[in-house]
Amino acid sequence: MLAKMDVEREIEVIEIEATVNNNFDDIKLSLGNTQVYCQIKDKDNISYNDLKIKDNQIIIKGEGQELSNGINLLFLKNIDITCNTQFLGFSACKMSNVYIIPLSREKAGTIVSDFYKYNEKRESHIVQFFNVCLDKRRLNIKREILPSIDIYDIHLLEKTINVGKNFLEFENILYIEGKPGVGKSHLVTCLAKEYQNSLVYRFWVSNQDKDYKARLIYQNFLTDISKELFQDYRYRTEDEIIDYLSKNRKAVIIDGLDHVENYQNDELVSFSKFINKLKDKCKTIVLSRPLKMKIDWTKQHLANWNFEETKTVLEELYLISDYKTCRDIYELTDGYPILVRFVTEHFKQYNEMPLSGKLNGIDDYYEGIISNTNILVALTLFLSTRSFIMKSEISLFLKDELSEIVMEFIESHPY
């Protein structure tokens with residue numbers, strides 16, 4: 001019942017060992033104005049002929065159980081009975097105001113597992129939550145105290161500055177393409193404010209993201225947006241999700257499709273098909289690095305910032321208003337957002353530019369700061385593992401001199 005409350009969100013209150021004026025007191029359920037009283041009998045060899053209703057009682061093999069004036073559910077294991085209806089999703093046989101439900105512990109476990117087929121972690125959370133309730137003798141469980149619905153985080157670690165980028169008018173779908181670090185994800189934050197009734201899904205938020213791989217799986221994508229839209233854990237098909245988005249006139253913004261192509265390519269076809277179905281129902285915006293996959297969506301290229309946009313970011317984000325400094329940073333980076341960030345972080349720390357001349361791209365910048373051969377050799381440590389390394393562990397992998405070089409580099413370029 002707790003799993004049903006969590007997944008379907010129809011049950012509002014579960015009261016265990018309820019204080020009532022009848023014998024159906026194992027569980028009392030509140031569904032709006034409807035009260036449902038449940039009794040669980042662990043009896044063997046029960047058949048339909050062993051049950052009789054008389055004088056507001058159900059008699060089980062001669063033993064009377066007082067009924068409530070509301071809806072009564074009687075759960076029996078392995079009862080030989082023909083079900084003729086359903087209640088709360090259970091197959092049941094209705095006798096007067098009593099629903100006889102055959103349900104074994106094994107079957108109950110299967111039902112719960114099916115509920116959480118696409119949310120396996122949630123099942124363990126609910127089991128843990130239930131155990132805590134029992135330990136604390138919290139026998140009146142309200143829906144609002146359930147653990148919050150877990151959806152993927154879409155918030156970026158860095159602050160977004162709206163530089164006022166304009167984008168094309170479009171009928172159904174707009175594909176915004178841009179190179180790494182040009183500000184696509186920050187543009188999504190701005191677009192979400194412009195389209196306030198929007199659904200945002202990101203395939204990447206940061207290198208620290210514990211859900212990074214899970215986000216790239218198509219079924220996880222459907223499950224996550226279903227939870228966000230409906231605020232429950234019911235399974236819904238892509239057509240049900242798309243119909244809901246269409247009826248509620250929501251815009252959908254999908255950020256970082258290139259991550260699927262690069263790291264979970266076998267899922268890309270499913271995402272592409274979904275987007276093509278989606279665009280016929282509601283406004284859809286997709287942001288990505290250039291894709292190898294052929295697409296026929298209306299495309300806009302996201303360019304570097306111009307000087308005024310660069311100046312806006314430097315003033316608002318870094319509190320740099322000196323015109324010459326702003327101009328120097330712009331000339332060095334050509335307004336490439338990720339380079340503006342790196343160069344400005346260096347300037348704030350050392351009051352000087354990290355490099356001279358003009359950077360033609362991110363590779364120019366990296367080559368400039370790791371031109372020293374010893375630095376290059378030392379940094380190969382980070383090519384040898386995808387795990388995070390603690391500062392205290394660096395000396396375990398590298399000899400003294402190389403270890404010191406890495407530590408100096410980290411101190412010099414913390415950003």
# chains A, B, ... in the order shown; residues from 1 in each chain; ligands from 1

$ residues_around --residues "range 130-143 of chain A" --least-positions-apart "4" --cutoff "10 Å" --atoms "only C-alpha atoms" --output "PyMOL selection string"
chain A and resi 2-3+5-6+9-18+27-30+124-126+147

$ residues_around --residues "Arg341 in chain A" --least-positions-apart "5" --cutoff "10 Å" --atoms "only C-alpha atoms" --output "PDB file with all heavy atoms, in the first residue's frame"
ATOM      1  N   GLY A 181      32.056  24.797 -25.048  1.00  0.00           N
ATOM      2  CA  GLY A 181      32.355  25.970 -24.235  1.00  0.00           C
ATOM      3  C   GLY A 181      31.865  27.282 -24.793  1.00  0.00           C
ATOM      4  O   GLY A 181      32.248  28.353 -24.310  1.00  0.00           O
ATOM      5  N   VAL A 313      29.490  40.378 -19.424  1.00  0.00           N
ATOM      6  CA  VAL A 313      29.845  39.248 -18.558  1.00  0.00           C
ATOM      7  C   VAL A 313      30.966  39.628 -17.596  1.00  0.00           C
ATOM      8  O   VAL A 313      30.918  39.310 -16.398  1.00  0.00           O
ATOM      9  CB  VAL A 313      30.266  38.028 -19.408  1.00  0.00           C
ATOM     10  CG1 VAL A 313      30.814  36.916 -18.510  1.00  0.00           C
ATOM     11  CG2 VAL A 313      29.079  37.513 -20.211  1.00  0.00           C
ATOM     12  N   LEU A 314      31.985  40.329 -18.089  1.00  0.00           N
ATOM     13  CA  LEU A 314      33.112  40.720 -17.241  1.00  0.00           C
ATOM     14  C   LEU A 314      32.656  41.649 -16.120  1.00  0.00           C
ATOM     15  O   LEU A 314      33.134  41.535 -14.982  1.00  0.00           O
ATOM     16  CB  LEU A 314      34.202  41.398 -18.083  1.00  0.00           C
ATOM     17  CG  LEU A 314      34.921  40.485 -19.090  1.00  0.00           C
ATOM     18  CD1 LEU A 314      35.887  41.307 -19.944  1.00  0.00           C
ATOM     19  CD2 LEU A 314      35.675  39.371 -18.373  1.00  0.00           C
ATOM     20  N   LEU A 317      29.812  39.330 -13.856  1.00  0.00           N
ATOM     21  CA  LEU A 317      30.277  38.091 -13.237  1.00  0.00           C
ATOM     22  C   LEU A 317      31.599  38.262 -12.509  1.00  0.00           C
ATOM     23  O   LEU A 317      31.817  37.690 -11.448  1.00  0.00           O
ATOM     24  CB  LEU A 317      30.410  36.995 -14.303  1.00  0.00           C
ATOM     25  CG  LEU A 317      30.582  35.554 -13.801  1.00  0.00           C
ATOM     26  CD1 LEU A 317      29.400  35.143 -12.926  1.00  0.00           C
ATOM     27  CD2 LEU A 317      30.725  34.594 -14.976  1.00  0.00           C
ATOM     28  N   TYR A 318      32.493  39.086 -13.073  1.00  0.00           N
ATOM     29  CA  TYR A 318      33.841  39.218 -12.509  1.00  0.00           C
ATOM     30  C   TYR A 318      34.131  40.610 -11.938  1.00  0.00           C
ATOM     31  O   TYR A 318      35.229  40.863 -11.444  1.00  0.00           O
ATOM     32  CB  TYR A 318      34.891  38.884 -13.577  1.00  0.00           C
ATOM     33  CG  TYR A 318      34.823  37.456 -14.041  1.00  0.00           C
ATOM     34  CD1 TYR A 318      34.218  37.116 -15.254  1.00  0.00           C
ATOM     35  CD2 TYR A 318      35.332  36.420 -13.257  1.00  0.00           C
ATOM     36  CE1 TYR A 318      34.147  35.810 -15.687  1.00  0.00           C
ATOM     37  CE2 TYR A 318      35.260  35.098 -13.676  1.00  0.00           C
ATOM     38  CZ  TYR A 318      34.666  34.796 -14.896  1.00  0.00           C
ATOM     39  OH  TYR A 318      34.582  33.490 -15.308  1.00  0.00           O
ATOM     40  N   ILE A 329      41.063  41.333 -22.887  1.00  0.00           N
ATOM     41  CA  ILE A 329      40.525  39.973 -22.745  1.00  0.00           C
ATOM     42  C   ILE A 329      39.771  39.572 -24.003  1.00  0.00           C
ATOM     43  O   ILE A 329      39.903  38.446 -24.504  1.00  0.00           O
ATOM     44  CB  ILE A 329      39.630  39.868 -21.494  1.00  0.00           C
ATOM     45  CG1 ILE A 329      40.480  40.029 -20.225  1.00  0.00           C
ATOM     46  CG2 ILE A 329      38.864  38.542 -21.467  1.00  0.00           C
ATOM     47  CD1 ILE A 329      39.680  40.116 -18.944  1.00  0.00           C
ATOM     48  N   THR A 333      40.794  36.475 -26.589  1.00  0.00           N
ATOM     49  CA  THR A 333      39.903  35.311 -26.647  1.00  0.00           C
ATOM     50  C   THR A 333      38.932  35.318 -27.815  1.00  0.00           C
ATOM     51  O   THR A 333      38.282  34.303 -28.083  1.00  0.00           O
ATOM     52  CB  THR A 333      39.061  35.236 -25.355  1.00  0.00           C
ATOM     53  OG1 THR A 333      38.221  36.409 -25.283  1.00  0.00           O
ATOM     54  CG2 THR A 333      39.946  35.171 -24.121  1.00  0.00           C
ATOM     55  N   GLY A 335      36.187  36.607 -27.738  1.00  0.00           N
ATOM     56  CA  GLY A 335      34.849  36.443 -27.163  1.00  0.00           C
ATOM     57  C   GLY A 335      34.395  35.006 -27.034  1.00  0.00           C
ATOM     58  O   GLY A 335      33.198  34.746 -26.822  1.00  0.00           O
ATOM     59  N   TYR A 336      35.313  34.040 -27.126  1.00  0.00           N
ATOM     60  CA  TYR A 336      34.967  32.623 -26.954  1.00  0.00           C
ATOM     61  C   TYR A 336      34.709  32.402 -25.462  1.00  0.00           C
ATOM     62  O   TYR A 336      35.622  32.503 -24.642  1.00  0.00           O
ATOM     63  CB  TYR A 336      36.127  31.765 -27.446  1.00  0.00           C
ATOM     64  CG  TYR A 336      35.883  30.278 -27.534  1.00  0.00           C
ATOM     65  CD1 TYR A 336      36.850  29.450 -28.099  1.00  0.00           C
ATOM     66  CD2 TYR A 336      34.714  29.676 -27.068  1.00  0.00           C
ATOM     67  CE1 TYR A 336      36.665  28.065 -28.199  1.00  0.00           C
ATOM     68  CE2 TYR A 336      34.516  28.310 -27.160  1.00  0.00           C
ATOM     69  CZ  TYR A 336      35.493  27.506 -27.724  1.00  0.00           C
ATOM     70  OH  TYR A 336      35.302  26.141 -27.817  1.00  0.00           O
ATOM     71  N   HIS A 346      42.484  33.761 -14.569  1.00  0.00           N
ATOM     72  CA  HIS A 346      43.931  33.955 -14.413  1.00  0.00           C
ATOM     73  C   HIS A 346      44.237  35.422 -14.099  1.00  0.00           C
ATOM     74  O   HIS A 346      45.041  35.719 -13.203  1.00  0.00           O
ATOM     75  CB  HIS A 346      44.650  33.538 -15.699  1.00  0.00           C
ATOM     76  CG  HIS A 346      46.147  33.594 -15.588  1.00  0.00           C
ATOM     77  ND1 HIS A 346      46.912  32.490 -15.268  1.00  0.00           N
ATOM     78  CD2 HIS A 346      47.031  34.631 -15.723  1.00  0.00           C
ATOM     79  CE1 HIS A 346      48.192  32.836 -15.225  1.00  0.00           C
ATOM     80  NE2 HIS A 346      48.281  34.134 -15.501  1.00  0.00           N
ATOM     81  N   PHE A 347      43.579  36.325 -14.812  1.00  0.00           N
ATOM     82  CA  PHE A 347      43.814  37.754 -14.595  1.00  0.00           C
ATOM     83  C   PHE A 347      43.425  38.158 -13.166  1.00  0.00           C
ATOM     84  O   PHE A 347      44.149  38.938 -12.517  1.00  0.00           O
ATOM     85  CB  PHE A 347      43.031  38.580 -15.608  1.00  0.00           C
ATOM     86  CG  PHE A 347      43.188  40.060 -15.426  1.00  0.00           C
ATOM     87  CD1 PHE A 347      44.313  40.726 -15.918  1.00  0.00           C
ATOM     88  CD2 PHE A 347      42.248  40.806 -14.726  1.00  0.00           C
ATOM     89  CE1 PHE A 347      44.476  42.094 -15.737  1.00  0.00           C
ATOM     90  CE2 PHE A 347      42.404  42.167 -14.535  1.00  0.00           C
ATOM     91  CZ  PHE A 347      43.526  42.822 -15.039  1.00  0.00           C
ATOM     92  N   TYR A 415      41.133  27.059 -11.670  1.00  0.00           N
ATOM     93  CA  TYR A 415      39.899  27.110 -12.443  1.00  0.00           C
ATOM     94  C   TYR A 415      39.853  26.026 -13.499  1.00  0.00           C
ATOM     95  O   TYR A 415      38.855  25.824 -14.161  1.00  0.00           O
ATOM     96  CB  TYR A 415      39.721  28.481 -13.103  1.00  0.00           C
ATOM     97  CG  TYR A 415      40.978  28.990 -13.794  1.00  0.00           C
ATOM     98  CD1 TYR A 415      41.235  28.663 -15.121  1.00  0.00           C
ATOM     99  CD2 TYR A 415      41.909  29.756 -13.099  1.00  0.00           C
ATOM    100  CE1 TYR A 415      42.379  29.103 -15.743  1.00  0.00           C
ATOM    101  CE2 TYR A 415      43.054  30.198 -13.712  1.00  0.00           C
ATOM    102  CZ  TYR A 415      43.301  29.869 -15.045  1.00  0.00           C
ATOM    103  OH  TYR A 415      44.437  30.314 -15.659  1.00  0.00           O
TER     104      TYR A 415
END

$ select_by_dssp --residues "range 22-92 of chain A" --states "strand (DSSP E)" --output "PyMOL selection string"
chain A and resi 27-31+34-41+51-54+57-60+63-66+71-76+85-87+90-92

$ atom_distance --atom1 "CA of Met353 in chain A" --atom2 "CA of His413 in chain A"
12.7 Å

$ closest_residue --among "A:Asn262, A:Asn220, A:Asn304, A:Thr110" --to "Arg289 in chain A" --atoms "only C-alpha atoms"
A:Asn262

$ closest_residue --among "A:Thr344, A:Ile389, A:Thr160, A:Lys4" --to "Ile111 in chain A" --atoms "only C-alpha atoms"
A:Lys4
